[in-house]
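Participant: Sharing query.cif (mmCIF, C-alpha atoms) below.
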```
data_protein
#
loop_
_atom_site.group_PDB
_atom_site.id
_atom_site.type_symbol
_atom_site.label_atom_id
_atom_site.label_comp_id
_atom_site.auth_asym_id
_atom_site.auth_seq_id
_atom_site.Cartn_x
_atom_site.Cartn_y
_atom_site.Cartn_z
ATOM 1 C CA MET A 22 12.904 -12.692 -3.677
ATOM 2 C CA ARG A 23 15.391 -10.304 -5.283
ATOM 3 C CA GLN A 24 14.049 -7.157 -6.922
ATOM 4 C CA VAL A 25 15.805 -4.171 -8.480
ATOM 5 C CA ILE A 26 14.105 -0.788 -8.659
ATOM 6 C CA LEU A 27 15.366 0.968 -11.781
ATOM 7 C CA ASP A 28 15.091 4.458 -13.202
ATOM 8 C CA THR A 29 16.847 6.408 -15.938
ATOM 9 C CA GLU A 30 17.270 10.005 -17.077
ATOM 10 C CA THR A 31 17.687 10.949 -20.730
ATOM 11 C CA THR A 32 18.597 13.811 -23.015
ATOM 12 C CA GLY A 33 14.948 13.980 -24.147
ATOM 13 C CA LEU A 34 11.756 11.990 -24.406
ATOM 14 C CA ASP A 35 11.819 10.933 -28.063
ATOM 15 C CA LEU A 36 14.028 7.916 -28.730
ATOM 16 C CA GLN A 37 13.432 8.164 -32.467
ATOM 17 C CA SER A 38 14.981 11.642 -32.479
ATOM 18 C CA GLY A 39 18.281 10.229 -31.279
ATOM 19 C CA ASN A 40 17.903 10.906 -27.558
ATOM 20 C CA ARG A 41 20.179 8.902 -25.256
ATOM 21 C CA LEU A 42 20.601 7.878 -21.652
ATOM 22 C CA ILE A 43 22.472 10.179 -19.295
ATOM 23 C CA GLU A 44 21.897 8.384 -15.950
ATOM 24 C CA ILE A 45 20.999 4.942 -14.608
ATOM 25 C CA GLY A 46 20.019 4.350 -10.992
ATOM 26 C CA CYS A 47 19.200 1.009 -9.351
ATOM 27 C CA VAL A 48 18.514 -0.083 -5.783
ATOM 28 C CA GLU A 49 18.204 -3.663 -4.571
ATOM 29 C CA ILE A 50 15.379 -5.102 -2.481
ATOM 30 C CA VAL A 51 15.455 -8.657 -1.131
ATOM 31 C CA ASP A 52 12.390 -10.080 0.588
ATOM 32 C CA ARG A 53 10.806 -6.606 0.693
ATOM 33 C CA LYS A 54 13.784 -4.982 2.432
ATOM 34 C CA PHE A 55 16.345 -2.519 1.058
ATOM 35 C CA THR A 56 19.759 -4.191 1.147
ATOM 36 C CA GLY A 57 21.826 -1.033 0.633
ATOM 37 C CA ARG A 58 23.267 -2.330 -2.651
ATOM 38 C CA GLU A 59 23.010 0.178 -5.480
ATOM 39 C CA PHE A 60 24.134 0.681 -9.034
ATOM 40 C CA HIS A 61 24.474 4.273 -10.187
ATOM 41 C CA THR A 62 26.235 6.009 -13.023
ATOM 42 C CA PHE A 63 26.029 9.119 -15.175
ATOM 43 C CA LEU A 64 26.757 8.702 -18.879
ATOM 44 C CA ASN A 65 28.185 10.761 -21.676
ATOM 45 C CA PRO A 66 25.330 10.699 -24.231
ATOM 46 C CA GLU A 67 27.502 11.978 -27.110
ATOM 47 C CA ARG A 68 24.855 14.601 -27.838
ATOM 48 C CA ALA A 69 23.293 17.665 -26.226
ATOM 49 C CA VAL A 70 20.651 17.580 -23.513
ATOM 50 C CA GLU A 71 17.380 19.121 -24.654
ATOM 51 C CA PRO A 72 16.243 22.247 -22.727
ATOM 52 C CA GLY A 73 13.010 20.576 -21.623
ATOM 53 C CA ALA A 74 14.874 17.600 -20.167
ATOM 54 C CA PHE A 75 17.344 19.870 -18.400
ATOM 55 C CA LYS A 76 14.472 21.579 -16.575
ATOM 56 C CA VAL A 77 13.406 18.181 -15.220
ATOM 57 C CA HIS A 78 16.705 16.699 -14.069
ATOM 58 C CA GLY A 79 19.080 19.689 -14.041
ATOM 59 C CA VAL A 80 21.988 17.728 -15.536
ATOM 60 C CA SER A 81 24.049 19.901 -17.880
ATOM 61 C CA ASN A 82 26.108 19.060 -20.946
ATOM 62 C CA ASP A 83 29.256 20.291 -19.198
ATOM 63 C CA PHE A 84 28.660 17.945 -16.283
ATOM 64 C CA LEU A 85 28.252 14.954 -18.613
ATOM 65 C CA SER A 86 31.241 15.728 -20.845
ATOM 66 C CA ASP A 87 33.731 13.635 -18.843
ATOM 67 C CA LYS A 88 31.380 10.814 -17.832
ATOM 68 C CA PRO A 89 31.802 7.225 -19.121
ATOM 69 C CA PHE A 90 30.095 5.940 -22.239
ATOM 70 C CA PHE A 91 27.436 3.243 -21.927
ATOM 71 C CA LYS A 92 29.738 0.692 -23.580
ATOM 72 C CA ASP A 93 32.158 1.203 -20.690
ATOM 73 C CA ILE A 94 29.669 0.317 -17.950
ATOM 74 C CA TYR A 95 27.179 -2.120 -19.481
ATOM 75 C CA GLU A 96 28.842 -5.241 -18.037
ATOM 76 C CA ASP A 97 28.508 -3.982 -14.468
ATOM 77 C CA PHE A 98 24.940 -2.881 -15.148
ATOM 78 C CA LEU A 99 23.855 -6.222 -16.610
ATOM 79 C CA ALA A 100 25.539 -8.088 -13.764
ATOM 80 C CA PHE A 101 23.579 -6.015 -11.232
ATOM 81 C CA ILE A 102 20.156 -6.713 -12.775
ATOM 82 C CA LYS A 103 20.838 -10.359 -13.676
ATOM 83 C CA ASP A 104 18.052 -12.715 -12.530
ATOM 84 C CA ALA A 105 16.272 -9.928 -10.635
ATOM 85 C CA GLU A 106 12.704 -8.772 -11.037
ATOM 86 C CA LEU A 107 12.877 -5.194 -12.336
ATOM 87 C CA LEU A 108 10.403 -2.656 -10.983
ATOM 88 C CA ILE A 109 10.181 0.377 -13.267
ATOM 89 C CA HIS A 110 7.677 3.232 -13.435
ATOM 90 C CA ASN A 111 6.530 3.438 -17.066
ATOM 91 C CA ALA A 112 8.758 0.480 -17.903
ATOM 92 C CA ASP A 113 8.391 0.696 -21.692
ATOM 93 C CA PHE A 114 10.155 4.055 -21.736
ATOM 94 C CA ASP A 115 13.198 3.047 -19.674
ATOM 95 C CA VAL A 116 13.563 -0.410 -21.204
ATOM 96 C CA SER A 117 13.415 0.969 -24.743
ATOM 97 C CA PHE A 118 16.245 3.435 -23.986
ATOM 98 C CA LEU A 119 18.344 0.753 -22.277
ATOM 99 C CA ASN A 120 17.872 -1.689 -25.147
ATOM 100 C CA ASN A 121 18.768 1.061 -27.601
ATOM 101 C CA GLU A 122 22.047 1.643 -25.752
ATOM 102 C CA LEU A 123 22.790 -2.089 -25.861
ATOM 103 C CA LYS A 124 22.121 -2.079 -29.582
ATOM 104 C CA LEU A 125 24.348 0.968 -30.172
ATOM 105 C CA SER A 126 27.086 -0.894 -28.292
ATOM 106 C CA ASN A 127 26.779 -3.726 -30.852
ATOM 107 C CA LEU A 128 25.360 -6.133 -28.270
ATOM 108 C CA GLU A 129 22.780 -8.689 -29.342
ATOM 109 C CA THR A 130 20.972 -8.804 -26.026
ATOM 110 C CA THR A 131 18.193 -6.993 -24.194
ATOM 111 C CA VAL A 132 17.322 -6.080 -20.634
ATOM 112 C CA GLU A 133 14.610 -8.736 -20.714
ATOM 113 C CA ASP A 134 17.254 -11.394 -21.434
ATOM 114 C CA TYR A 135 18.960 -10.658 -18.106
ATOM 115 C CA ALA A 136 16.079 -9.818 -15.772
ATOM 116 C CA SER A 137 13.771 -12.554 -14.527
ATOM 117 C CA ASN A 138 10.788 -10.273 -15.049
ATOM 118 C CA VAL A 139 9.895 -6.628 -15.685
ATOM 119 C CA VAL A 140 7.057 -5.076 -13.676
ATOM 120 C CA ASP A 141 5.575 -1.733 -14.676
ATOM 121 C CA THR A 142 4.673 0.023 -11.427
ATOM 122 C CA LEU A 143 2.733 2.671 -13.379
ATOM 123 C CA SER A 144 0.330 -0.021 -14.645
ATOM 124 C CA MET A 145 0.089 -1.371 -11.110
ATOM 125 C CA ALA A 146 -0.758 2.091 -9.746
ATOM 126 C CA ARG A 147 -3.419 2.596 -12.424
ATOM 127 C CA GLN A 148 -5.100 -0.632 -11.374
ATOM 128 C CA LEU A 149 -5.035 0.386 -7.711
ATOM 129 C CA HIS A 150 -6.114 4.000 -8.373
ATOM 130 C CA PRO A 151 -8.189 4.014 -11.577
ATOM 131 C CA GLY A 152 -9.119 7.372 -13.009
ATOM 132 C CA GLN A 153 -6.469 9.200 -10.989
ATOM 133 C CA ARG A 154 -3.060 10.658 -11.798
ATOM 134 C CA ASN A 155 -0.323 8.172 -10.976
ATOM 135 C CA SER A 156 2.969 9.905 -11.669
ATOM 136 C CA LEU A 157 5.780 9.203 -9.222
ATOM 137 C CA ASP A 158 5.363 12.693 -7.729
ATOM 138 C CA VAL A 159 1.654 12.082 -7.124
ATOM 139 C CA LEU A 160 2.265 8.638 -5.634
ATOM 140 C CA THR A 161 4.963 10.076 -3.368
ATOM 141 C CA ASP A 162 2.398 12.456 -1.891
ATOM 142 C CA ARG A 163 -0.401 9.868 -1.870
ATOM 143 C CA TYR A 164 1.653 7.407 0.160
ATOM 144 C CA ASN A 165 3.220 10.122 2.313
ATOM 145 C CA ILE A 166 6.825 9.303 1.361
ATOM 146 C CA LYS A 167 9.039 11.799 3.195
ATOM 147 C CA GLY A 168 12.710 12.692 3.514
ATOM 148 C CA TYR A 169 13.681 13.273 -0.133
ATOM 149 C CA ASP A 170 14.565 16.483 -1.959
ATOM 150 C CA ARG A 171 12.299 16.556 -5.011
ATOM 151 C CA SER A 172 13.668 19.769 -6.533
ATOM 152 C CA TYR A 173 15.000 17.763 -9.502
ATOM 153 C CA HIS A 174 14.460 14.266 -10.783
ATOM 154 C CA GLY A 175 17.420 11.917 -10.552
ATOM 155 C CA ALA A 176 17.651 8.242 -11.493
ATOM 156 C CA LEU A 177 19.037 6.997 -8.171
ATOM 157 C CA LEU A 178 16.813 9.295 -6.122
ATOM 158 C CA ASP A 179 13.691 8.253 -8.011
ATOM 159 C CA SER A 180 14.620 4.579 -7.680
ATOM 160 C CA LYS A 181 14.764 4.908 -3.900
ATOM 161 C CA ILE A 182 11.448 6.743 -3.817
ATOM 162 C CA LEU A 183 9.837 4.242 -6.187
ATOM 163 C CA GLY A 184 11.013 1.420 -3.952
ATOM 164 C CA GLU A 185 9.194 2.944 -0.989
ATOM 165 C CA VAL A 186 6.112 3.645 -3.092
ATOM 166 C CA TYR A 187 6.077 0.042 -4.337
ATOM 167 C CA LEU A 188 6.321 -1.374 -0.816
ATOM 168 C CA SER A 189 3.527 0.960 0.299
ATOM 169 C CA MET A 190 1.338 0.046 -2.674
ATOM 170 C CA THR A 191 1.727 -3.686 -2.193
ATOM 171 C CA GLY A 192 1.753 -3.835 1.611
ATOM 172 C CA GLY A 193 -0.862 -1.099 1.906
ATOM 173 C CA GLN A 194 -3.266 -2.811 -0.412
ATOM 174 C CA THR A 195 -3.076 -6.009 1.611
ATOM 175 C CA LYS A 196 -3.969 -4.039 4.721
ATOM 176 C CA LEU A 197 -6.832 -2.359 2.897
ATOM 177 C CA ASP A 198 -8.281 -5.704 1.788
ATOM 178 C CA PHE A 199 -8.019 -7.022 5.347
ATOM 179 C CA ASN A 200 -9.824 -4.004 6.778
ATOM 180 C CA GLN A 201 -12.559 -4.270 4.176
ATOM 181 C CA ALA A 202 -13.051 -7.940 5.013
ATOM 182 C CA MET A 203 -13.304 -7.123 8.721
ATOM 183 C CA GLU A 204 -15.826 -4.367 8.029
ATOM 184 C CA LYS A 205 -17.948 -6.737 5.924
ATOM 185 C CA LYS A 206 -17.799 -9.380 8.662
ATOM 186 C CA GLU A 207 -18.825 -6.842 11.321
ATOM 187 C CA LEU A 208 -21.718 -5.631 9.156
ATOM 188 C CA SER A 209 -22.847 -9.219 8.602
ATOM 189 C CA LEU A 210 -22.836 -9.918 12.348
ATOM 190 C CA LYS A 211 -24.887 -6.785 13.003
ATOM 191 C CA GLU A 212 -27.427 -7.769 10.347
ATOM 192 C CA ASN A 213 -27.711 -11.287 11.756
ATOM 193 C CA PHE A 214 -28.237 -9.875 15.251
ATOM 194 C CA ILE A 215 -30.988 -7.577 14.053
ATOM 195 C CA ASN A 216 -32.698 -10.246 11.954
ATOM 196 C CA ASN A 217 -32.581 -12.830 14.740
ATOM 197 C CA SER A 218 -33.581 -10.526 17.596
ATOM 198 C CA VAL A 219 -36.815 -11.367 19.419
ATOM 199 C CA SER A 220 -39.250 -8.510 19.772
ATOM 200 C CA LEU A 221 -40.664 -8.087 23.273
ATOM 201 C CA ALA A 222 -44.391 -8.688 23.371
ATOM 202 C CA LYS A 223 -46.588 -6.022 24.899
ATOM 203 C CA VAL A 224 -48.972 -7.532 27.499
ATOM 204 C CA SER A 225 -52.181 -5.803 28.461
ATOM 205 C CA VAL A 226 -53.579 -6.284 31.978
ATOM 206 C CA SER A 227 -56.996 -5.586 33.386
ATOM 207 C CA ALA A 228 -57.669 -3.024 36.076
ATOM 208 C CA GLU A 229 -58.418 -5.840 38.516
ATOM 209 C CA GLU A 230 -55.090 -7.590 37.780
ATOM 210 C CA GLU A 231 -53.185 -4.362 38.173
ATOM 211 C CA LYS A 232 -54.948 -3.711 41.541
ATOM 212 C CA ASN A 233 -54.066 -7.195 42.841
ATOM 213 C CA HIS A 234 -50.469 -6.762 41.750
ATOM 214 C CA GLN A 235 -50.164 -3.448 43.564
ATOM 215 C CA GLU A 236 -51.661 -4.924 46.741
ATOM 216 C CA TYR A 237 -49.149 -7.762 46.540
ATOM 217 C CA LEU A 238 -46.244 -5.301 46.276
ATOM 218 C CA ASP A 239 -47.590 -3.280 49.224
ATOM 219 C CA LYS A 240 -47.804 -6.474 51.232
ATOM 220 C CA ILE A 241 -44.166 -7.246 50.531
ATOM 221 C CA ARG A 242 -43.026 -3.740 51.539
ATOM 222 C CA SER A 243 -44.966 -3.868 54.852
ATOM 223 C CA ARG A 244 -43.680 -7.239 55.987
ATOM 224 C CA THR A 245 -41.037 -7.623 58.668
ATOM 225 C CA ILE A 246 -39.580 -11.031 57.952
ATOM 226 C CA ASP A 247 -38.469 -13.413 60.708
ATOM 227 C CA LEU A 248 -36.142 -15.917 59.100
ATOM 228 C CA ASP A 249 -36.591 -18.366 62.020
ATOM 229 C CA ASP A 250 -40.350 -18.572 61.474
ATOM 230 C CA PRO A 251 -41.337 -21.515 59.149
ATOM 231 C CA GLU A 252 -44.309 -19.552 57.805
ATOM 232 C CA GLU A 253 -42.041 -16.619 56.976
ATOM 233 C CA GLN A 254 -39.619 -18.950 55.255
ATOM 234 C CA GLN A 255 -42.539 -20.326 53.212
ATOM 235 C CA PHE A 256 -43.429 -16.741 52.267
ATOM 236 C CA ILE A 257 -39.862 -16.097 51.051
ATOM 237 C CA ASP A 258 -39.871 -19.326 49.003
ATOM 238 C CA GLN A 259 -43.153 -18.280 47.407
ATOM 239 C CA LEU A 260 -41.746 -14.831 46.622
ATOM 240 C CA ILE A 261 -38.682 -16.346 44.954
ATOM 241 C CA ASN A 262 -40.864 -18.657 42.865
ATOM 242 C CA ASN A 263 -42.983 -15.708 41.725
ATOM 243 C CA LEU A 264 -39.884 -13.807 40.633
ATOM 244 C CA ALA A 265 -38.285 -16.794 38.837
#
```
Could you write out this file's structure as structure tokens?
Facilitator:
Amino acid sequence: MRQVILDTETTGLDLQSGNRLIEIGCVEIVDRKFTGREFHTFLNPERAVEPGAFKVHGVSNDFLSDKPFFKDIYEDFLAFIKDAELLIHNADFDVSFLNNELKLSNLETTVEDYASNVVDTLSMARQLHPGQRNSLDVLTDRYNIKGYDRSYHGALLDSKILGEVYLSMTGGQTKLDFNQAMEKKELSLKENFINNSVSLAKVSVSAEEEKNHQEYLDKIRSRTIDLDDPEEQQFIDQLINNLA
């Protein structure tokens, strides 16, 4: 199965205010393994980056001034995601910005037309961890994803991290279900053992029976047994039968 982890960075959060894409990052996974294939580009948004967005991704207007326009790279981008399942954290946000760029480039197509499916990993995380925060930063810590510099957000960086988080969420959950099933089975076996156990009966003996038993034990201790004597052999056979 071919999947593409996708993330974007923008000039701001509000699409209706004219904000645009400034970066697209994609990494490919096939059969739950990173292939090493990537698609990554910065974009000239033809407008200024908002101060709040700059604090998040650290990409300046000067840096973007000589970068390609979306209309110059869309063919390569669409070819990369074609027929793949897209995995996106908060998919509505990224897809809406991508589709807006396609529209501004006078293209009558959408991301959904090219991808086989779009999966929102944020919705998936909320189902797995209800009532908890499920931002990518939180999930990175929750699943102990190491080896990445998180000083700033970046589309390609976040795609790689999201890929590892996704594999941990899906593979980890399977392991969790398996462990829970084993624990339930073990508990069931313990309960069956307890319920089916036979309680040992307490037997009361009279003083006379206890005296006879003690005399019998003393008799055994005092005997020197001759194995060649038939009577002694009979005594041993009787002793074995009493113990059986």
Participant: Give me, please, the distance in Å between CA of Thr161 (chain A) and CA of Ser180 (chain A), quoted to one decimal.
Facilitator: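 Between CA of Thr161 (chain A) and CA of Ser180 (chain A) the gap works out to 11.9 Å.
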Participant: Applied to the shown file, which residues does the PyMOL selection byres ((chain A and resi 113-127) around 8) return, written as a PDB file with C-alpha atoms, in the frame of the given file?
Facilitator:
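Below you can see part-v4.pdb, which holds the result:
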```pdb
ATOM      1  CA  ASP A  28      15.091   4.458 -13.202  1.00  0.00           C
ATOM      2  CA  THR A  29      16.847   6.408 -15.938  1.00  0.00           C
ATOM      3  CA  LEU A  36      14.028   7.916 -28.730  1.00  0.00           C
ATOM      4  CA  ARG A  41      20.179   8.902 -25.256  1.00  0.00           C
ATOM      5  CA  LEU A  42      20.601   7.878 -21.652  1.00  0.00           C
ATOM      6  CA  PHE A  91      27.436   3.243 -21.927  1.00  0.00           C
ATOM      7  CA  LYS A  92      29.738   0.692 -23.580  1.00  0.00           C
ATOM      8  CA  TYR A  95      27.179  -2.120 -19.481  1.00  0.00           C
ATOM      9  CA  ILE A 109      10.181   0.377 -13.267  1.00  0.00           C
ATOM     10  CA  ASN A 111       6.530   3.438 -17.066  1.00  0.00           C
ATOM     11  CA  ALA A 112       8.758   0.480 -17.903  1.00  0.00           C
ATOM     12  CA  LEU A 128      25.360  -6.133 -28.270  1.00  0.00           C
ATOM     13  CA  GLU A 129      22.780  -8.689 -29.342  1.00  0.00           C
ATOM     14  CA  THR A 130      20.972  -8.804 -26.026  1.00  0.00           C
ATOM     15  CA  THR A 131      18.193  -6.993 -24.194  1.00  0.00           C
ATOM     16  CA  VAL A 132      17.322  -6.080 -20.634  1.00  0.00           C
ATOM     17  CA  ASP A 141       5.575  -1.733 -14.676  1.00  0.00           C
TER      18      ASP A 141
END
```
Participant: Which one of A:Leu177, A:Ser137, A:Asn155, A:Asn165 sits closest to Phe63 (chain A) if you count only C-alpha atoms?
Facilitator: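 Of A:Leu177, A:Ser137, A:Asn155, A:Asn165, the one nearest Phe63 (chain A) is A:Leu177, counting only C-alpha atoms.
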Participant: Taking the point (-1.8, 1.9, -7.2) as given in the file, collect each protein or nucleic acid residue that comes within 12 Å of it, counting all atoms listed in the file, and present the set as number ranges by chain.
Facilitator: A: 110, 141-157, 159-161, 163-164, 183, 186-195
Participant: Evaluate the PyMOL selection byres ((chain A and resi 173) around 8) on the structure here and hand back the selected residues as a ChimeraX atom specification.
Facilitator: /A:77-79,170-172,174-175
Participant: When the PyMOL selection byres ((chain A and resi 43-56) around 7) is applied to the structure above, which residues does it catch, written out as a list in words?
Facilitator: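 Given this file, the PyMOL selection byres ((chain A and resi 43-56) around 7) evaluates to Met22, Arg23, Gln24, Val25, Ile26, Leu27, Asp28, Thr29, Glu30, Thr31, Thr32, Arg41, Leu42, Gly57, Arg58, Glu59, Phe60, His61, Thr62, Phe63, Leu64, Asn65, Pro66, Ala176, Leu177, Ser180 and Lys181 of chain A.
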Participant: Rounded to one decimal, what separation in Å do you get between CA of Phe90 (chain A) and CA of Gly33 (chain A)?
Facilitator: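 These atoms are spaced 17.3 Å apart.
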Participant: Kindly indicate which residue among A:Glu229, A:Asp93, A:Glu71, A:Glu106 lies nearest to Ala136 (chain A), using all atoms listed in the file for the distances.
Facilitator: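 Ranking A:Glu229, A:Asp93, A:Glu71, A:Glu106 by distance to Ala136 (chain A), first place goes to A:Glu106.
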Participant: Could you state the separation of CA of Arg68 (chain A) and CA of Phe98 (chain A) in Å, given to one decimal place?
Facilitator: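 Between CA of Arg68 (chain A) and CA of Phe98 (chain A) the gap is 21.6 Å.
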Participant: Fix up region 167-191 of chain A with N, CA and C atoms, then write it as a CSV table (one decimal), in the frame of the given file.
Facilitator:
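Written out: selection.csv:
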```
chain,number,residue,atom,x,y,z
A,167,LYS,N,8.4,10.6,2.7
A,167,LYS,CA,9.0,11.8,3.2
A,167,LYS,C,10.6,11.6,3.2
A,168,GLY,N,11.3,12.7,3.3
A,168,GLY,CA,12.7,12.7,3.5
A,168,GLY,C,13.5,12.8,2.3
A,169,TYR,N,12.9,13.2,1.1
A,169,TYR,CA,13.7,13.3,-0.1
A,169,TYR,C,13.5,14.7,-0.7
A,170,ASP,N,14.6,15.2,-1.3
A,170,ASP,CA,14.6,16.5,-2.0
A,170,ASP,C,14.1,16.3,-3.4
A,171,ARG,N,12.9,16.8,-3.7
A,171,ARG,CA,12.3,16.6,-5.0
A,171,ARG,C,12.5,17.8,-5.9
A,172,SER,N,13.5,18.6,-5.7
A,172,SER,CA,13.7,19.8,-6.5
A,172,SER,C,13.9,19.4,-8.0
A,173,TYR,N,14.7,18.3,-8.2
A,173,TYR,CA,15.0,17.8,-9.5
A,173,TYR,C,14.8,16.3,-9.5
A,174,HIS,N,14.5,15.7,-10.6
A,174,HIS,CA,14.5,14.3,-10.8
A,174,HIS,C,15.9,13.7,-11.0
A,175,GLY,N,16.1,12.6,-10.4
A,175,GLY,CA,17.4,11.9,-10.6
A,175,GLY,C,17.2,10.4,-10.5
A,176,ALA,N,17.9,9.7,-11.3
A,176,ALA,CA,17.7,8.2,-11.5
A,176,ALA,C,17.8,7.5,-10.2
A,177,LEU,N,18.8,7.7,-9.4
A,177,LEU,CA,19.0,7.0,-8.2
A,177,LEU,C,18.0,7.5,-7.1
A,178,LEU,N,17.8,8.8,-7.1
A,178,LEU,CA,16.8,9.3,-6.1
A,178,LEU,C,15.4,8.7,-6.4
A,179,ASP,N,15.0,8.7,-7.7
A,179,ASP,CA,13.7,8.3,-8.0
A,179,ASP,C,13.6,6.7,-7.8
A,180,SER,N,14.7,6.0,-8.0
A,180,SER,CA,14.6,4.6,-7.7
A,180,SER,C,14.3,4.3,-6.2
A,181,LYS,N,15.0,5.1,-5.3
A,181,LYS,CA,14.8,4.9,-3.9
A,181,LYS,C,13.3,5.3,-3.5
A,182,ILE,N,12.8,6.3,-4.1
A,182,ILE,CA,11.4,6.7,-3.8
A,182,ILE,C,10.5,5.7,-4.4
A,183,LEU,N,10.7,5.2,-5.6
A,183,LEU,CA,9.8,4.2,-6.2
A,183,LEU,C,9.8,3.0,-5.4
A,184,GLY,N,11.0,2.6,-4.8
A,184,GLY,CA,11.0,1.4,-4.0
A,184,GLY,C,10.1,1.6,-2.8
A,185,GLU,N,10.1,2.7,-2.1
A,185,GLU,CA,9.2,2.9,-1.0
A,185,GLU,C,7.7,3.0,-1.4
A,186,VAL,N,7.5,3.6,-2.6
A,186,VAL,CA,6.1,3.6,-3.1
A,186,VAL,C,5.6,2.2,-3.4
A,187,TYR,N,6.5,1.4,-4.0
A,187,TYR,CA,6.1,0.0,-4.3
A,187,TYR,C,5.7,-0.7,-3.1
A,188,LEU,N,6.6,-0.6,-2.1
A,188,LEU,CA,6.3,-1.4,-0.8
A,188,LEU,C,5.0,-0.9,-0.2
A,189,SER,N,4.8,0.4,-0.3
A,189,SER,CA,3.5,1.0,0.3
A,189,SER,C,2.3,0.5,-0.5
A,190,MET,N,2.4,0.5,-1.8
A,190,MET,CA,1.3,0.0,-2.7
A,190,MET,C,1.0,-1.4,-2.4
A,191,THR,N,2.0,-2.3,-2.3
A,191,THR,CA,1.7,-3.7,-2.2
A,191,THR,C,1.3,-4.0,-0.8
```
